[in-house]
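As provided, my_file.txt (compact mmCIF, C-alpha atoms and all ligand atoms) reads as follows.
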```txt
# COMPACT_ATOMS: atom_id res chain seq x y z
CA MET A 187 39.29 -20.27 65.03
CA PRO A 188 42.32 -18.30 66.26
CA THR A 189 45.04 -20.36 67.88
CA LEU A 190 46.80 -19.74 71.17
CA VAL A 191 49.83 -21.57 72.53
CA MET A 192 49.99 -21.97 76.31
CA LYS A 193 53.12 -23.46 77.85
CA PHE A 194 53.24 -24.70 81.43
CA GLY A 195 56.60 -25.14 83.13
CA GLY A 196 57.52 -27.83 85.62
CA THR A 197 56.27 -26.05 88.74
CA SER A 198 52.92 -25.35 87.04
CA VAL A 199 52.32 -29.08 86.47
CA ALA A 200 54.11 -30.41 89.57
CA THR A 201 51.00 -32.03 91.09
CA LEU A 202 47.55 -33.07 89.90
CA ASP A 203 46.14 -30.12 91.75
CA ARG A 204 48.34 -27.72 89.84
CA ILE A 205 47.52 -29.46 86.57
CA ARG A 206 43.86 -28.82 87.39
CA ARG A 207 44.56 -25.14 87.96
CA ALA A 208 46.45 -24.93 84.68
CA ALA A 209 43.65 -26.78 82.90
CA LYS A 210 41.17 -24.19 84.17
CA ARG A 211 43.17 -21.45 82.48
CA VAL A 212 43.15 -23.48 79.28
CA GLY A 213 39.41 -24.00 79.58
CA ARG A 214 38.91 -20.27 79.92
CA GLU A 215 40.80 -19.57 76.67
CA VAL A 216 38.74 -22.26 74.92
CA ALA A 217 35.61 -20.49 76.15
CA ASN A 218 37.09 -17.26 74.75
CA GLY A 219 37.00 -18.93 71.34
CA TYR A 220 40.56 -20.13 70.89
CA ASP A 221 41.82 -23.46 69.68
CA VAL A 222 44.63 -24.07 72.15
CA ILE A 223 47.93 -25.87 71.83
CA VAL A 224 49.20 -26.64 75.32
CA ILE A 225 52.89 -27.43 75.71
CA VAL A 226 53.88 -29.08 78.98
CA SER A 227 57.16 -29.59 80.79
CA ALA A 228 57.78 -32.57 83.03
CA MET A 229 56.76 -32.24 86.68
CA SER A 230 59.42 -30.14 88.42
CA GLY A 231 62.42 -32.21 89.49
CA GLU A 232 61.45 -35.07 87.20
CA THR A 233 63.93 -34.42 84.38
CA ASN A 234 66.78 -34.03 86.88
CA LYS A 235 65.82 -37.35 88.39
CA LEU A 236 65.80 -39.05 84.98
CA VAL A 237 69.16 -37.54 84.03
CA GLY A 238 70.51 -38.86 87.34
CA PHE A 239 69.34 -42.40 86.50
CA VAL A 240 71.06 -42.27 83.12
CA GLU A 241 74.30 -40.98 84.61
CA GLU A 242 74.27 -43.77 87.16
CA THR A 243 74.35 -46.36 84.37
CA GLY A 244 77.87 -45.25 83.40
CA SER A 245 79.71 -42.30 81.97
CA PHE A 246 79.75 -43.31 78.30
CA TYR A 247 76.05 -43.71 77.78
CA ASP A 248 74.32 -43.79 74.39
CA ALA A 249 72.84 -40.32 73.77
CA ARG A 250 69.88 -41.88 71.93
CA GLU A 251 68.88 -43.81 75.05
CA TYR A 252 69.50 -40.74 77.20
CA ASP A 253 66.87 -38.98 75.11
CA ALA A 254 64.51 -41.95 75.31
CA VAL A 255 64.68 -41.75 79.10
CA VAL A 256 64.75 -38.01 79.81
CA SER A 257 61.96 -37.21 77.35
CA SER A 258 59.55 -39.42 79.27
CA GLY A 259 58.66 -36.91 81.99
CA GLU A 260 56.75 -34.82 79.48
CA ASN A 261 54.74 -37.84 78.28
CA VAL A 262 53.25 -38.18 81.74
CA THR A 263 52.20 -34.55 82.13
CA ALA A 264 50.82 -34.39 78.57
CA GLY A 265 48.54 -37.36 79.21
CA LEU A 266 47.48 -36.08 82.62
CA MET A 267 46.68 -32.64 81.24
CA ALA A 268 44.55 -34.15 78.46
CA LEU A 269 42.70 -36.34 80.98
CA THR A 270 42.09 -33.36 83.25
CA LEU A 271 40.71 -31.28 80.38
CA GLN A 272 38.45 -34.14 79.32
CA GLU A 273 37.12 -34.29 82.90
CA MET A 274 36.18 -30.64 82.43
CA ASP A 275 34.37 -31.53 79.18
CA VAL A 276 36.97 -29.83 77.03
CA PRO A 277 37.71 -31.96 73.94
CA ALA A 278 41.45 -32.62 74.26
CA ARG A 279 44.04 -35.22 73.41
CA SER A 280 47.75 -35.58 74.02
CA TRP A 281 50.53 -35.75 71.43
CA GLN A 282 54.06 -36.94 71.92
CA GLY A 283 56.67 -35.21 69.79
CA TRP A 284 56.94 -38.07 67.27
CA GLN A 285 53.17 -38.17 66.79
CA VAL A 286 52.89 -34.55 65.65
CA PRO A 287 55.59 -35.08 64.27
CA LEU A 288 58.05 -32.52 65.55
CA LEU A 289 60.98 -33.15 63.21
CA THR A 290 64.46 -32.43 64.52
CA THR A 291 68.11 -32.95 63.66
CA SER A 292 69.89 -36.03 65.05
CA ALA A 293 71.95 -34.02 67.57
CA HIS A 294 70.75 -35.98 70.58
CA ALA A 295 70.32 -34.06 73.84
CA SER A 296 70.49 -30.75 71.97
CA ALA A 297 68.54 -31.33 68.79
CA ARG A 298 67.31 -28.46 66.63
CA ILE A 299 63.79 -28.27 65.30
CA GLU A 300 63.63 -28.65 61.50
CA GLU A 301 59.91 -28.59 60.85
CA ILE A 302 56.50 -29.01 62.43
CA PRO A 303 53.91 -30.23 59.92
CA THR A 304 50.54 -28.90 61.01
CA ASP A 305 48.16 -31.28 59.19
CA ASN A 306 47.71 -33.89 61.92
CA ILE A 307 46.78 -31.46 64.66
CA ASN A 308 44.80 -29.15 62.37
CA GLY A 309 42.87 -32.18 61.15
CA LYS A 310 41.81 -32.89 64.73
CA PHE A 311 40.91 -29.25 65.35
CA ALA A 312 38.70 -29.45 62.24
CA GLU A 313 36.97 -32.49 63.77
CA GLY A 314 36.13 -30.57 66.95
CA MET A 315 39.12 -31.15 69.20
CA ARG A 316 39.74 -27.86 71.04
CA VAL A 317 43.01 -28.54 72.83
CA ALA A 318 46.12 -30.35 71.60
CA VAL A 319 48.33 -31.10 74.56
CA VAL A 320 51.88 -31.59 73.30
CA ALA A 321 54.78 -33.00 75.27
CA GLY A 322 57.46 -30.31 75.25
CA PHE A 323 61.22 -30.77 74.89
CA GLN A 324 61.05 -33.76 72.52
CA GLY A 325 60.95 -34.62 68.84
CA ILE A 326 61.99 -37.27 66.35
CA SER A 327 65.20 -37.50 64.29
CA PRO A 328 65.43 -38.41 60.60
CA GLU A 329 66.51 -41.88 61.81
CA GLY A 330 63.24 -42.22 63.68
CA ARG A 331 64.74 -41.92 67.16
CA ILE A 332 63.37 -39.77 69.97
CA THR A 333 65.37 -36.57 70.47
CA THR A 334 65.37 -33.81 73.10
CA LEU A 335 66.04 -30.12 72.61
CA GLY A 336 68.37 -29.38 75.53
CA ARG A 337 67.45 -28.43 79.09
CA GLY A 338 64.68 -25.89 79.25
CA GLY A 339 63.72 -26.89 75.71
CA SER A 340 59.96 -26.89 76.14
CA ASP A 341 60.04 -23.08 75.87
CA THR A 342 61.48 -23.59 72.41
CA THR A 343 58.83 -26.21 71.60
CA ALA A 344 56.16 -23.68 72.54
CA VAL A 345 57.55 -20.88 70.37
CA ALA A 346 58.07 -23.24 67.43
CA PHE A 347 54.43 -24.33 67.63
CA ALA A 348 53.26 -20.73 67.83
CA ALA A 349 55.26 -19.96 64.68
CA ALA A 350 54.14 -23.07 62.81
CA PHE A 351 50.44 -22.60 63.62
CA GLY A 352 50.45 -18.80 63.30
CA ALA A 353 49.22 -18.48 66.88
CA GLU A 354 48.04 -15.11 68.08
CA ARG A 355 50.35 -15.34 71.09
CA CYS A 356 52.54 -17.74 73.01
CA ASP A 357 51.90 -17.60 76.76
CA ILE A 358 54.65 -19.06 78.94
CA TYR A 359 53.31 -19.91 82.40
CA THR A 360 56.02 -20.18 85.00
CA ASP A 361 56.65 -19.62 88.71
CA VAL A 362 57.57 -15.94 88.36
CA ASP A 363 55.10 -13.30 87.27
CA GLY A 364 57.22 -11.84 84.51
CA VAL A 365 60.59 -10.49 83.51
CA TYR A 366 62.19 -8.14 86.04
CA THR A 367 64.67 -5.28 85.70
CA THR A 368 67.01 -7.44 87.74
CA ASP A 369 66.87 -10.38 90.15
CA PRO A 370 64.43 -9.41 92.95
CA ARG A 371 66.53 -11.49 95.35
CA ILE A 372 69.35 -8.98 94.90
CA THR A 373 67.34 -5.80 95.21
CA SER A 374 63.77 -5.34 96.39
CA LYS A 375 63.60 -2.38 93.99
CA ALA A 376 63.56 -4.76 91.02
CA ARG A 377 60.47 -3.99 88.96
CA LYS A 378 58.43 -6.20 86.70
CA LEU A 379 58.55 -5.02 83.10
CA ASP A 380 55.27 -4.75 81.18
CA LYS A 381 57.09 -5.12 77.87
CA ILE A 382 60.58 -5.94 76.73
CA SER A 383 61.99 -6.23 73.23
CA PHE A 384 63.22 -9.51 71.78
CA GLU A 385 66.76 -8.13 71.55
CA GLU A 386 66.83 -7.13 75.20
CA MET A 387 65.29 -10.39 76.34
CA LEU A 388 67.85 -12.30 74.31
CA GLU A 389 70.68 -10.48 76.08
CA LEU A 390 69.08 -10.94 79.48
CA ALA A 391 68.31 -14.62 78.80
CA SER A 392 71.84 -15.42 77.73
CA LEU A 393 73.27 -13.37 80.58
CA GLY A 394 71.76 -15.61 83.15
CA ALA A 395 68.19 -14.39 83.68
CA LYS A 396 66.80 -17.91 83.62
CA VAL A 397 63.20 -17.18 82.72
CA LEU A 398 63.30 -18.43 79.12
CA GLN A 399 65.55 -20.74 77.17
CA THR A 400 67.70 -18.50 74.96
CA ARG A 401 66.84 -20.43 71.83
CA SER A 402 63.14 -19.83 72.37
CA VAL A 403 63.72 -16.07 72.30
CA GLU A 404 65.85 -16.33 69.15
CA LEU A 405 63.06 -18.26 67.49
CA ALA A 406 60.39 -15.82 68.68
CA MET A 407 62.40 -12.93 67.27
CA ARG A 408 62.93 -14.65 63.93
CA TYR A 409 59.22 -15.43 63.48
CA ASN A 410 57.90 -12.41 65.37
CA VAL A 411 55.97 -14.52 67.86
CA ARG A 412 54.50 -12.41 70.66
CA LEU A 413 55.61 -14.09 73.86
CA ARG A 414 54.04 -13.47 77.23
CA VAL A 415 55.74 -14.62 80.43
CA LEU A 416 53.36 -14.95 83.34
CA SER A 417 52.78 -16.78 86.57
CA SER A 418 50.37 -19.67 86.84
CA PHE A 419 50.09 -19.08 90.58
CA GLU A 420 48.42 -15.69 90.58
CA GLU A 421 44.75 -14.95 90.22
CA MET A 422 43.74 -15.10 86.59
CA SER A 423 42.48 -11.53 86.47
CA ASP A 424 45.56 -9.53 87.45
CA ASN A 425 48.03 -11.60 85.58
CA ALA A 426 49.33 -9.58 82.68
CA GLY A 427 52.93 -10.76 83.00
CA THR A 428 55.57 -9.39 80.65
CA LEU A 429 55.12 -9.19 76.90
CA VAL A 430 58.26 -9.97 74.89
CA CYS A 431 57.73 -8.33 71.53
CA ALA A 432 59.23 -6.39 68.64
CA GLU A 433 60.86 -3.08 69.42
CA GLU A 434 58.25 -1.26 67.31
CA ASP A 435 55.54 -2.37 69.73
CA ILE A 436 57.15 -0.59 72.65
CA MET A 437 56.37 3.11 72.91
CA GLU A 438 58.49 4.24 75.82
CA SER A 439 61.24 2.45 77.61
CA ASN A 440 64.17 3.26 79.85
CA VAL A 441 67.54 3.60 78.18
CA VAL A 442 68.64 0.61 80.24
CA ALA A 443 66.02 -2.13 80.52
CA GLY A 444 67.75 -4.38 83.00
CA VAL A 445 70.85 -5.35 84.94
CA ALA A 446 71.96 -8.96 84.56
CA TYR A 447 74.68 -10.90 86.29
CA SER A 448 76.46 -14.17 86.09
CA ARG A 449 78.14 -15.31 89.25
CA GLU A 450 80.32 -18.27 88.31
CA GLU A 451 82.78 -16.66 85.93
CA ALA A 452 86.54 -17.03 85.63
CA LYS A 453 89.12 -14.77 84.05
CA MET A 454 92.06 -16.47 82.36
CA THR A 455 95.15 -14.69 81.10
CA LEU A 456 97.72 -16.18 78.77
CA GLN A 457 100.89 -14.19 79.40
CA SER A 458 103.35 -13.27 76.69
CA VAL A 459 101.97 -14.94 73.63
CA GLU A 460 103.50 -14.10 70.28
CA ASP A 461 101.76 -11.29 68.43
CA ARG A 462 101.44 -12.81 64.96
CA PRO A 463 98.71 -13.63 62.42
CA GLY A 464 96.84 -16.75 63.48
CA ILE A 465 97.56 -16.56 67.21
CA ALA A 466 93.92 -16.03 68.19
CA ALA A 467 92.88 -18.95 66.02
CA ALA A 468 95.61 -21.10 67.58
CA ILE A 469 94.31 -20.29 71.08
CA PHE A 470 90.55 -20.22 70.66
CA GLY A 471 90.33 -23.15 68.23
CA PRO A 472 91.52 -25.69 70.82
CA LEU A 473 89.38 -24.03 73.52
CA ALA A 474 86.29 -24.43 71.37
CA GLU A 475 87.18 -28.04 70.62
CA ALA A 476 87.55 -28.67 74.35
CA GLY A 477 84.01 -27.35 74.85
CA VAL A 478 85.06 -24.20 76.70
CA ASN A 479 82.45 -21.47 76.33
CA VAL A 480 84.60 -18.41 75.94
CA ASP A 481 82.70 -15.20 76.53
CA MET A 482 84.77 -12.01 76.78
CA ILE A 483 88.11 -11.69 74.98
CA VAL A 484 90.71 -8.97 75.40
CA GLN A 485 93.99 -8.84 73.53
CA ASN A 486 96.45 -6.26 74.80
CA ILE A 487 98.49 -4.13 72.45
CA SER A 488 101.75 -5.86 71.89
CA ASP A 489 104.93 -5.00 73.63
CA GLY A 490 108.01 -6.02 71.68
CA GLY A 491 106.12 -8.59 69.64
CA MET A 492 104.53 -10.19 72.69
CA THR A 493 101.03 -9.70 74.02
CA ASP A 494 98.73 -10.93 76.80
CA MET A 495 95.47 -12.58 75.85
CA THR A 496 92.66 -12.53 78.43
CA PHE A 497 89.36 -14.34 78.18
CA SER A 498 86.50 -15.29 80.45
CA CYS A 499 84.65 -18.59 80.73
CA PRO A 500 82.44 -20.35 83.30
CA VAL A 501 84.34 -21.37 86.45
CA GLY A 502 83.44 -25.00 85.84
CA GLU A 503 85.40 -24.99 82.57
CA VAL A 504 88.71 -23.66 83.91
CA ALA A 505 90.34 -27.07 84.23
CA ARG A 506 89.38 -27.97 80.68
CA ALA A 507 90.72 -24.64 79.41
CA GLU A 508 94.01 -25.16 81.25
CA LYS A 509 94.42 -28.60 79.77
CA ALA A 510 93.60 -27.43 76.24
CA MET A 511 96.21 -24.65 76.51
CA ALA A 512 98.85 -26.94 78.01
CA ASP A 513 98.26 -29.46 75.22
CA ALA A 514 98.50 -26.77 72.53
CA LYS A 515 101.75 -25.57 74.06
CA ALA A 516 103.16 -29.09 74.24
CA ALA A 517 102.25 -29.61 70.58
CA GLY A 518 104.17 -26.45 69.70
CA ASP A 519 101.06 -24.68 68.35
CA ILE A 520 101.30 -21.77 70.79
CA GLY A 521 103.84 -20.43 73.24
CA PHE A 522 103.11 -18.52 76.43
CA ALA A 523 104.93 -17.62 79.62
CA GLY A 524 102.14 -18.45 82.01
CA LEU A 525 98.41 -19.01 82.35
CA VAL A 526 96.79 -17.20 85.26
CA ALA A 527 93.25 -18.12 86.32
CA ASP A 528 91.20 -15.78 88.50
CA THR A 529 88.20 -17.81 89.59
CA ASP A 530 86.70 -15.19 91.94
CA VAL A 531 85.03 -12.98 89.39
CA ALA A 532 81.47 -12.27 88.31
CA LYS A 533 80.01 -10.56 85.27
CA VAL A 534 77.55 -7.69 85.58
CA SER A 535 75.84 -6.26 82.51
CA ILE A 536 73.46 -3.47 81.66
CA VAL A 537 71.15 -4.09 78.70
CA GLY A 538 68.90 -1.75 76.76
CA ILE A 539 68.01 -0.87 73.18
CA GLY A 540 68.00 2.79 74.27
CA MET A 541 71.80 2.64 74.29
CA ARG A 542 71.78 2.81 70.51
CA SER A 543 70.53 6.37 70.62
CA HIS A 544 71.95 7.62 73.93
CA ALA A 545 75.57 8.51 74.50
CA GLY A 546 77.31 8.21 77.84
CA VAL A 547 75.62 5.06 79.10
CA ALA A 548 78.87 3.12 79.49
CA ALA A 549 80.55 6.13 81.13
CA LYS A 550 77.73 6.35 83.66
CA MET A 551 78.13 2.66 84.43
CA PHE A 552 81.85 3.07 85.05
CA GLN A 553 81.32 6.16 87.24
CA THR A 554 78.75 4.31 89.29
CA LEU A 555 81.16 1.44 89.89
CA ARG A 556 83.97 3.88 90.71
CA ASP A 557 81.76 5.59 93.31
CA GLU A 558 81.28 2.21 94.96
CA GLY A 559 85.00 1.49 94.83
CA VAL A 560 84.54 -1.48 92.53
CA ASN A 561 87.48 -2.26 90.26
CA ILE A 562 86.69 -3.32 86.69
CA LYS A 563 88.83 -6.13 85.31
CA VAL A 564 87.49 -6.62 81.81
CA ILE A 565 84.97 -4.66 79.75
CA THR A 566 83.06 -5.67 76.65
CA THR A 567 80.34 -3.83 74.81
CA SER A 568 77.84 -4.49 72.10
CA GLU A 569 75.22 -2.25 70.56
CA ILE A 570 72.77 -2.77 73.39
CA LYS A 571 74.91 -4.11 76.23
CA VAL A 572 77.89 -3.25 78.41
CA SER A 573 79.43 -6.02 80.51
CA VAL A 574 82.12 -5.84 83.13
CA LEU A 575 84.02 -8.49 84.99
CA ILE A 576 84.52 -7.61 88.67
CA ASP A 577 85.46 -9.35 91.91
CA ARG A 578 82.63 -11.68 92.84
CA LYS A 579 82.26 -10.23 96.34
CA TYR A 580 81.09 -6.92 94.80
CA MET A 581 78.52 -8.46 92.49
CA GLU A 582 75.40 -7.70 94.55
CA LEU A 583 76.63 -4.22 95.37
CA ALA A 584 77.29 -3.49 91.70
CA VAL A 585 73.87 -4.74 90.61
CA GLN A 586 72.13 -2.62 93.28
CA ALA A 587 74.15 0.50 92.49
CA LEU A 588 73.54 0.21 88.74
CA HIS A 589 69.85 -0.45 89.24
CA ASP A 590 69.67 2.78 91.26
CA ALA A 591 71.89 4.80 88.95
CA PHE A 592 69.79 4.04 85.87
CA GLY A 593 66.52 4.64 87.72
CA LEU A 594 65.14 1.20 86.97
CA GLU A 595 62.69 1.12 89.87
CA LYS A 596 60.51 3.52 87.90
CA ALA A 597 59.05 3.02 84.44
CA ALA A 598 59.95 5.52 81.73
N1 LIG A 601 61.79 -30.88 81.43
C1 LIG A 601 62.88 -30.36 80.66
C2 LIG A 601 63.92 -29.74 81.57
O1 LIG A 601 63.75 -29.76 82.77
C3 LIG A 601 62.44 -29.40 79.62
C4 LIG A 601 61.75 -28.19 80.14
O2 LIG A 601 61.16 -28.19 81.20
O3 LIG A 601 61.76 -27.17 79.45
O4 LIG A 601 64.92 -29.26 81.11
MG MG A 602 62.02 -23.69 81.98
```

How does this structure look as structure tokens?
Amino acid sequence: MPTLVMKFGGTSVATLDRIRRAAKRVGREVANGYDVIVIVSAMSGETNKLVGFVEETGSFYDAREYDAVVSSGENVTAGLMALTLQEMDVPARSWQGWQVPLLTTSAHASARIEEIPTDNINGKFAEGMRVAVVAGFQGISPEGRITTLGRGGSDTTAVAFAAAFGAERCDIYTDVDGVYTTDPRITSKARKLDKISFEEMLELASLGAKVLQTRSVELAMRYNVRLRVLSSFEEMSDNAGTLVCAEEDIMESNVVAGVAYSREEAKMTLQSVEDRPGIAAAIFGPLAEAGVNVDMIVQNISDGGMTDMTFSCPVGEVARAEKAMADAKAAGDIGFAGLVADTDVAKVSIVGIGMRSHAGVAAKMFQTLRDEGVNIKVITTSEIKVSVLIDRKYMELAVQALHDAFGLEKAA
């Protein structure tokens, strides 16, 4: 029988009533002839609560016990989902990560999936089980300890199962009805996309569109898993959601697929650093070691052997970055005249695979921002993305203006 993976996020399993509604959707796919692998998140709020308990025990907790605690929310929903399906006469059983087993690395709290042997679950399908309900977010390390995959990791569990079992599709049920051209809270003109390519989704996901864990999209792209994002709250009939798929499966699309933003950014400038081989390594090595997620980097042309180096990072990491730079200076590894932090900036990006074949997209973005009187502080580009750093107070305005300028309220 063909296999389908259906993943239900925290809001879709937040109460027994919602679990029943989700189970009905599963039952319908079973009636359609699918063997179904259901991946569940913990009830919404549950993982946060568990993380809070662990943090209360002290600041230097054992990551292995952290995983033992925070993985438990998914055990509850997996069992409840299986029970609910059984009540509906659907042959189902639950599986915790270690029972499958979902084999991971030993990097606790952010483990990577190594392998998912399919024999155990397939054996049960062969015996007549129709639904395997698997606890998302968790696995087992080579040492035999419970691991978790990082926050939002049950999306990645779902895609990994779809790849391992050759599922026809991986449906991600969430509290939004799909992927939008931008955040509908910022402009009511935001439009739900019927389809989006893996590449575009990857850019949007890592740029702060929080629909899917970034790693799940990477995995879907690598194994060509067709992903559908849809709401578990709408009527079953008109719930097509957004299909995340290979570029070849999309006939027509706008040059720009979406406008993303990230509010809590900071711009840091190291003034007058020596322009010599190894200077970038001497700056960004210590930043990486300090756990600073550097995003954009701009090195000015040098002026008499000296140059300014500007980079952006999340606002919350500014203090760490300052300390890392001060330490490197004290150790004599780098020299600089000053370190200026601008913590009132936001990043706005346009994303679209159409940029590969259309000229003038970046220019149009810059003209649009000029017309709104928005000053651009830093620019970076990739093949399918242009990002700018601007004053945070203009972020909404910039997103709205760009959404209008690229005609995103209408499909191609
Ligand atoms: N429950 C976990 C979290 O909140 C995993 C997930 O829902 O994807 O991060
Ligand atoms: Mg999630």

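In this structure, CA of Val560 (chain A) sits 11.9 Å away from CA of Val531 (chain A).
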
Exercise for review: Kindly provide, as a ChimeraX atom specification, all nucleotide and amino acid residues lying within 6 Å of ligand LIG 601 (chain A), counting only C-alpha atoms and all ligand atoms.
Suggested key: /A:195-196,227-228,233,323,337-341

Review point. Which is closer to Glu503 (chain A) than all the others in A:Ala208, A:Ile570, A:Leu473, A:Val240, using only C-alpha atoms?
Key: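 Selected residue with least distance to Glu503 (chain A): A:Leu473.
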
Within-10 Å shell of (50.7, -34.8, 65.0) in input frame, only C-alpha atoms, as a PDB file with C-alpha atoms, in the frame of the given file:
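File part-v2.pdb, as written:
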```pdb
ATOM      1  CA  SER A 280      47.750 -35.580  74.020  1.00  0.00           C
ATOM      2  CA  TRP A 281      50.530 -35.750  71.430  1.00  0.00           C
ATOM      3  CA  GLN A 282      54.060 -36.940  71.920  1.00  0.00           C
ATOM      4  CA  GLY A 283      56.670 -35.210  69.790  1.00  0.00           C
ATOM      5  CA  TRP A 284      56.940 -38.070  67.270  1.00  0.00           C
ATOM      6  CA  GLN A 285      53.170 -38.170  66.790  1.00  0.00           C
ATOM      7  CA  VAL A 286      52.890 -34.550  65.650  1.00  0.00           C
ATOM      8  CA  PRO A 287      55.590 -35.080  64.270  1.00  0.00           C
ATOM      9  CA  LEU A 288      58.050 -32.520  65.550  1.00  0.00           C
ATOM     10  CA  ILE A 302      56.500 -29.010  62.430  1.00  0.00           C
ATOM     11  CA  PRO A 303      53.910 -30.230  59.920  1.00  0.00           C
ATOM     12  CA  THR A 304      50.540 -28.900  61.010  1.00  0.00           C
ATOM     13  CA  ASP A 305      48.160 -31.280  59.190  1.00  0.00           C
ATOM     14  CA  ASN A 306      47.710 -33.890  61.920  1.00  0.00           C
ATOM     15  CA  ILE A 307      46.780 -31.460  64.660  1.00  0.00           C
ATOM     16  CA  ASN A 308      44.800 -29.150  62.370  1.00  0.00           C
ATOM     17  CA  GLY A 309      42.870 -32.180  61.150  1.00  0.00           C
ATOM     18  CA  LYS A 310      41.810 -32.890  64.730  1.00  0.00           C
ATOM     19  CA  ALA A 318      46.120 -30.350  71.600  1.00  0.00           C
ATOM     20  CA  VAL A 320      51.880 -31.590  73.300  1.00  0.00           C
TER      21      VAL A 320
END
```

Revision key, fill the gap. With distances taken over only C-alpha atoms, the candidate from A:Arg462, A:Arg355, A:Arg377, A:Lys210 nearest Asn410 (chain A) is A:Arg355

Practice item. Pick out the closest residue to Ala587 (chain A) from this set: A:Asp557, A:Asp461, A:Glu569, A:Glu420. Count only C-alpha atoms. Key: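 Once distances to Ala587 (chain A) are computed over only C-alpha atoms, the minimum belongs to A:Asp557.
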
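Taking CA of Gly546 (chain A) as the reference point, CA of Val441 (chain A) is found at 10.8 Å.
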
Point to revise | Straight-line distance linking CA of Thr270 (chain A) with CA of Ser257 (chain A), stated in Å to one decimal | key: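 Distance between the two atoms: 21.1 Å.
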
Practice item. Please identify every polymer residue within 12 Å of ligand MG 602 (chain A), using all atoms listed in the file, and present the set as a PyMOL selection string. Key: chain A and resi 193-199+225-231+233+322-323+336-344+358-362+391+395-402+415

Practice item. Rank nothing, just name the residue among A:Ile332, A:Leu269, A:Ala476, A:Ala217 nearest to Glu251 (chain A), using all atoms listed in the file. Key: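 Nearest to Glu251 (chain A): A:Ile332.
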
**Study point:** Counting all atoms listed in the file, the residue of A:Ala517, A:Ala312, A:Val564, A:Leu190 that sits nearest Tyr220 (chain A)
**Key:**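 Of A:Ala517, A:Ala312, A:Val564, A:Leu190, the one nearest Tyr220 (chain A) is A:Leu190, counting all atoms listed in the file.
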
Point to revise | Protein/DNA/RNA residues near (40.0, -27.8, 70.3), cut 7 Å, all atoms listed in the file, as a list of chain:residue names | key: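 With a cut-off of 7 Å, the residues come to A:Asp221, A:Val222, A:Pro277, A:Ala278, A:Phe311, A:Gly314, A:Met315, A:Arg316, A:Val317, A:Ala318.
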
Exercise for review: Using all atoms listed in the file, pick whichever of A:Lys509, A:His589, A:Lys515, A:Lys563 has the shortest atom-to-atom distance to Asp577 (chain A).
Suggested key: A:Lys563

**Study point:** Selection near Val365 (chain A), 6 Å with all atoms listed in the file, sequence-local residues under 6 positions removed, as a list in words
**Key:** Lys378, Leu379 and Thr428 of chain A
